[in-house]
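In what follows, a single structure is set out as structure tokens and then discussed.
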Amino acid sequence: MEGLDFYIPGAALAVAFAFRLPGISRTWRDPLLRSVSALLLVAVSVFFFAAPPTIAAVNRITGVPNFSAPLVYCILTAFSASCLVLIINWRGGPPEVTRSASRRCITAYGTVIVAMILLFALGDAPVERLRDLDTYYANTPYIREMIVLYLVAHTVAAVVMTVLCWRWSMRVHGWLRTGLVLIMIGYFLNLGFDAAKYSAVSARWAGYNWDALSTRVAPPLASASALIIAAGFILPVAGQRLSESWRSWSTYWQLGALWHELRSAAPQGAMAVPISRWSSLDLRLTQREAFIHDGILALDPYFDHGLRAESHAAALASGTDAHQAEAVAEAAMLAAAVIARDADPQGMIITAAGTRSATTEQIQRDLVGMSRALRHSPVVAAARRCAARSESSHP
């Protein structure tokens, strides 16, 4: 089917926009998220209305030959404006400055859109051209000016976006920098699109025929650039969420050893709190961390701080860094406390110790480091064996 090279990338962007629909009503007051949604919608419109079958259909429905020309040019100009507004909101800054810059950008490109419509109305383009209108009417009064105006507006946006993204990318890292690099690549392709169009139109002015640059070279560059630019704007948001989910899953999994260690020591109510299998990862992680803290508090009367000091010294002597040595010492003390708690089913030590409260030291423990030490540290294994022998020696 003719036009698939336009409809397929347009459909991909439409799917991305559809995934955002459920959250649009909740985030509509956020200028950044609103700008992302507008960019995706305009990008979908570019691909849909620039496809030759759609161009022919719009011309036929309106009854105006080449009505699609100003329509597509206006949508392309709106896409350029959407990108500039998005990058303005993305960079942040004082709200009044951001709003003022966005309004100036919208006003400037809105003026260009109105001018293109007027120029088309003043010009004469009676012969329908689905693919080569730029070159076919390159010497036609008013239509020529409309073509040049949209190309200049497109080029200005490409240059400004490339410079802004380059400067910003030098100050950031991670997903944001990757997204900015993709946007720059997309706009380099946009500049290639503009160069092909300028060359083809200029060749017509000089009496030559370089139409292939406009009809065969420029469209693939435009399609690729729009997809890459949209990906550049979407990737930092999606990547950040993916990274956060990965960190949460990693933390949840790494806390598994500590969670299992404390199951026998935690208060009875802690294990009785059910959660749905569809519960969010954040809820699961919060519950696991709360369970671990409760278990540590329940073991407090059984902690042997002398063993902790010995384990800390042993960890340092084995070459462990200072931070991890603290986690190893805490884990060794906890492992021994679990054995001591299991050997005191009546809770006599707890009764003798009375009520205790959480301390700053307890709250600041490295839970992931402790869990890792419970799995792998020979110091913890030695403390566990020593505690087991000690308890077994008591009648």
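Letters for chains follow the order of the structure tokens (A, B, ...), residue numbers begin at 1 for each chain, and ligand numbers begin at 1 in the order shown.
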Which residues are close to A:Ala335, i.e. within 10 Å by only C-alpha atoms, leaving aside same-chain residues fewer than 5 positions away? Reply as an MDAnalysis selection string.
chainID A and resid 258 261:262 299 303 329:330 340:341 374 380:381 383:385 387:388
Dump as a CSV table (one decimal), in the first residue's frame, selection limited to C-alpha atoms:
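Saved to part.csv:
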```csv
chain,number,residue,atom,x,y,z
A,258,LEU,CA,17.8,-10.7,55.7
A,261,GLU,CA,16.8,-14.7,58.6
A,262,LEU,CA,14.3,-12.6,60.6
A,299,LEU,CA,15.9,-9.0,68.4
A,303,PHE,CA,22.2,-8.3,70.5
A,329,ALA,CA,29.4,-6.7,62.0
A,330,GLU,CA,25.7,-5.9,62.2
A,340,ALA,CA,19.7,-16.8,70.8
A,341,ARG,CA,16.0,-15.9,70.3
A,374,LEU,CA,24.4,-12.9,55.6
A,380,VAL,CA,29.0,-14.0,59.7
A,381,ALA,CA,29.2,-17.7,59.1
A,383,ALA,CA,29.6,-15.9,64.3
A,384,ARG,CA,26.6,-18.1,63.5
A,385,ARG,CA,28.6,-21.3,64.2
A,387,ALA,CA,26.5,-18.8,68.6
A,388,ALA,CA,25.1,-22.3,67.8
```
When distances are computed from only C-alpha atoms, which of A:Leu130, A:Met161, A:Leu235, A:Ala11 shows the smallest separation from A:Ile88?
A:Met161
A:Val36 environment, 9 Å, only C-alpha atoms, sequence neighbours closer than 6 positions dropped, as a list in words:
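So the residues in contact are Ser82, Cys83, Leu86, Ala230, Phe233 and Ile234 of chain A.
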As an MDAnalysis selection string, list the residues of stretch 30-128 of chain A assigned to alpha helix (DSSP H) by DSSP on the backbone atoms of this structure.
chainID A and resid 31:50 52:62 68:91 95:122
Would you compute the distance between atom CA of A:Leu71 and atom CA of A:Leu180? Give it in Å to one decimal.
29.1 Å
Can you tell me, as a PDB file with C-alpha atoms, in the first residue's frame, what residues are no more than 6 Å from stretch 65-67 of chain A when counting only C-alpha atoms, ignoring any on the same chain fewer than 6 positions away?
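And here is the file that came out, result03.pdb:
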```
ATOM      1  CA  ASN A  59      -7.656  17.539  -1.595  1.00  0.00           C
ATOM      2  CA  PRO A 126      -4.327  24.534  -9.834  1.00  0.00           C
ATOM      3  CA  GLU A 128      -2.530  18.707  -7.853  1.00  0.00           C
TER       4      GLU A 128
END
```
A:Gly110, A:Pro53, A:Met333, A:Ala14 ranked by distance to A:Asp300, top pick (using only C-alpha atoms)
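Ranked by minimum distance to A:Asp300, first place goes to A:Met333.
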Find the residues near A:Trp166: any atom within 12 Å, counting only C-alpha atoms, skip ones fewer than 5 places away on the same chain, and give them as an MDAnalysis selection string.
chainID A and resid 87 159:161 171:172 176:185 187:188
What does the file look like for those residues with all heavy atoms, as a compact mmCIF listing (two decimals), in the first residue's frame?
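Output file again04.txt follows:
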```txt
# COMPACT_ATOMS: atom_id res chain seq x y z
N ILE A 87 11.31 21.68 24.97
CA ILE A 87 12.68 21.81 25.49
C ILE A 87 12.75 22.98 26.48
O ILE A 87 13.51 22.94 27.46
CB ILE A 87 13.70 22.00 24.34
CG1 ILE A 87 15.09 21.52 24.77
CG2 ILE A 87 13.79 23.43 23.88
CD1 ILE A 87 15.23 20.04 24.90
N VAL A 159 18.17 24.33 14.08
CA VAL A 159 19.44 24.90 14.58
C VAL A 159 19.33 25.23 16.06
O VAL A 159 20.22 24.90 16.85
CB VAL A 159 19.82 26.14 13.75
CG1 VAL A 159 21.02 26.85 14.39
CG2 VAL A 159 20.13 25.76 12.31
N VAL A 160 18.25 25.89 16.45
CA VAL A 160 18.07 26.28 17.85
C VAL A 160 18.02 25.04 18.75
O VAL A 160 18.66 24.98 19.80
CB VAL A 160 16.79 27.13 18.03
CG1 VAL A 160 16.50 27.35 19.51
CG2 VAL A 160 16.95 28.47 17.32
N MET A 161 17.27 24.03 18.33
CA MET A 161 17.16 22.81 19.13
C MET A 161 18.50 22.10 19.25
O MET A 161 18.86 21.60 20.32
CB MET A 161 16.12 21.88 18.51
CG MET A 161 14.69 22.31 18.70
SD MET A 161 14.14 22.18 20.43
CE MET A 161 14.18 20.41 20.67
N ARG A 171 26.04 19.28 30.50
CA ARG A 171 25.89 19.49 31.94
C ARG A 171 25.12 18.38 32.64
O ARG A 171 24.96 18.44 33.86
CB ARG A 171 25.18 20.83 32.20
CG ARG A 171 25.89 22.03 31.60
CD ARG A 171 25.37 23.32 32.21
NE ARG A 171 23.95 23.51 32.00
CZ ARG A 171 23.41 24.15 30.97
NH1 ARG A 171 24.21 24.65 30.02
NH2 ARG A 171 22.11 24.29 30.85
N VAL A 172 24.65 17.39 31.88
CA VAL A 172 23.84 16.33 32.49
C VAL A 172 24.39 14.97 32.10
O VAL A 172 25.28 14.86 31.24
CB VAL A 172 22.36 16.45 32.04
CG1 VAL A 172 21.75 17.75 32.54
CG2 VAL A 172 22.24 16.34 30.53
N LEU A 176 18.90 11.35 30.68
CA LEU A 176 18.64 12.67 30.12
C LEU A 176 19.62 12.99 29.02
O LEU A 176 19.25 13.48 27.94
CB LEU A 176 18.69 13.72 31.22
CG LEU A 176 18.46 15.18 30.78
CD1 LEU A 176 17.17 15.31 30.00
CD2 LEU A 176 18.48 16.11 31.98
N ARG A 177 20.90 12.72 29.26
CA ARG A 177 21.91 13.00 28.24
C ARG A 177 21.68 12.13 27.00
O ARG A 177 21.83 12.61 25.86
CB ARG A 177 23.31 12.75 28.79
CG ARG A 177 24.41 13.16 27.82
CD ARG A 177 25.76 13.13 28.48
NE ARG A 177 26.77 13.72 27.62
CZ ARG A 177 28.04 13.93 27.97
NH1 ARG A 177 28.43 13.60 29.20
NH2 ARG A 177 28.89 14.46 27.14
N THR A 178 21.32 10.85 27.20
CA THR A 178 21.03 9.97 26.07
C THR A 178 19.88 10.53 25.24
O THR A 178 19.92 10.53 24.00
CB THR A 178 20.69 8.56 26.56
OG1 THR A 178 21.78 8.05 27.33
CG2 THR A 178 20.43 7.63 25.39
N GLY A 179 18.83 10.99 25.93
CA GLY A 179 17.70 11.58 25.22
C GLY A 179 18.09 12.81 24.43
O GLY A 179 17.67 12.99 23.28
N LEU A 180 18.92 13.66 25.03
CA LEU A 180 19.36 14.87 24.33
C LEU A 180 20.21 14.53 23.11
O LEU A 180 20.11 15.19 22.06
CB LEU A 180 20.14 15.76 25.29
CG LEU A 180 19.32 16.42 26.42
CD1 LEU A 180 20.23 17.08 27.42
CD2 LEU A 180 18.33 17.42 25.84
N VAL A 181 21.04 13.52 23.22
CA VAL A 181 21.86 13.09 22.07
C VAL A 181 20.95 12.59 20.94
O VAL A 181 21.18 12.90 19.76
CB VAL A 181 22.87 12.00 22.49
CG1 VAL A 181 23.54 11.39 21.27
CG2 VAL A 181 23.93 12.59 23.42
N LEU A 182 19.92 11.82 21.29
CA LEU A 182 18.99 11.35 20.27
C LEU A 182 18.28 12.53 19.59
O LEU A 182 18.09 12.53 18.36
CB LEU A 182 17.95 10.42 20.90
CG LEU A 182 18.39 8.99 21.21
CD1 LEU A 182 17.27 8.23 21.91
CD2 LEU A 182 18.79 8.26 19.94
N ILE A 183 17.89 13.52 20.38
CA ILE A 183 17.24 14.70 19.80
C ILE A 183 18.19 15.41 18.84
O ILE A 183 17.77 15.84 17.74
CB ILE A 183 16.76 15.64 20.91
CG1 ILE A 183 15.65 14.98 21.73
CG2 ILE A 183 16.24 16.95 20.32
CD1 ILE A 183 15.27 15.75 22.98
N MET A 184 19.45 15.53 19.24
CA MET A 184 20.42 16.17 18.34
C MET A 184 20.59 15.38 17.05
O MET A 184 20.66 15.96 15.96
CB MET A 184 21.77 16.31 19.06
CG MET A 184 21.81 17.41 20.08
SD MET A 184 23.48 17.76 20.67
CE MET A 184 23.82 16.26 21.61
N ILE A 185 20.66 14.05 17.15
CA ILE A 185 20.76 13.22 15.94
C ILE A 185 19.54 13.44 15.05
O ILE A 185 19.65 13.58 13.82
CB ILE A 185 20.89 11.73 16.33
CG1 ILE A 185 22.23 11.48 17.02
CG2 ILE A 185 20.76 10.85 15.09
CD1 ILE A 185 22.36 10.08 17.59
N TYR A 187 17.69 16.07 14.86
CA TYR A 187 17.72 17.38 14.21
C TYR A 187 18.85 17.51 13.20
O TYR A 187 18.75 18.32 12.26
CB TYR A 187 17.77 18.48 15.27
CG TYR A 187 16.39 18.88 15.69
CD1 TYR A 187 15.86 18.45 16.90
CD2 TYR A 187 15.57 19.62 14.85
CE1 TYR A 187 14.55 18.77 17.26
CE2 TYR A 187 14.27 19.95 15.20
CZ TYR A 187 13.77 19.53 16.41
OH TYR A 187 12.48 19.84 16.74
N PHE A 188 19.91 16.73 13.34
CA PHE A 188 20.90 16.68 12.27
C PHE A 188 20.25 16.13 11.00
O PHE A 188 20.49 16.61 9.89
CB PHE A 188 22.09 15.81 12.67
CG PHE A 188 23.11 16.52 13.52
CD1 PHE A 188 23.59 15.95 14.68
CD2 PHE A 188 23.60 17.76 13.15
CE1 PHE A 188 24.52 16.60 15.47
CE2 PHE A 188 24.53 18.44 13.92
CZ PHE A 188 25.00 17.86 15.09
```
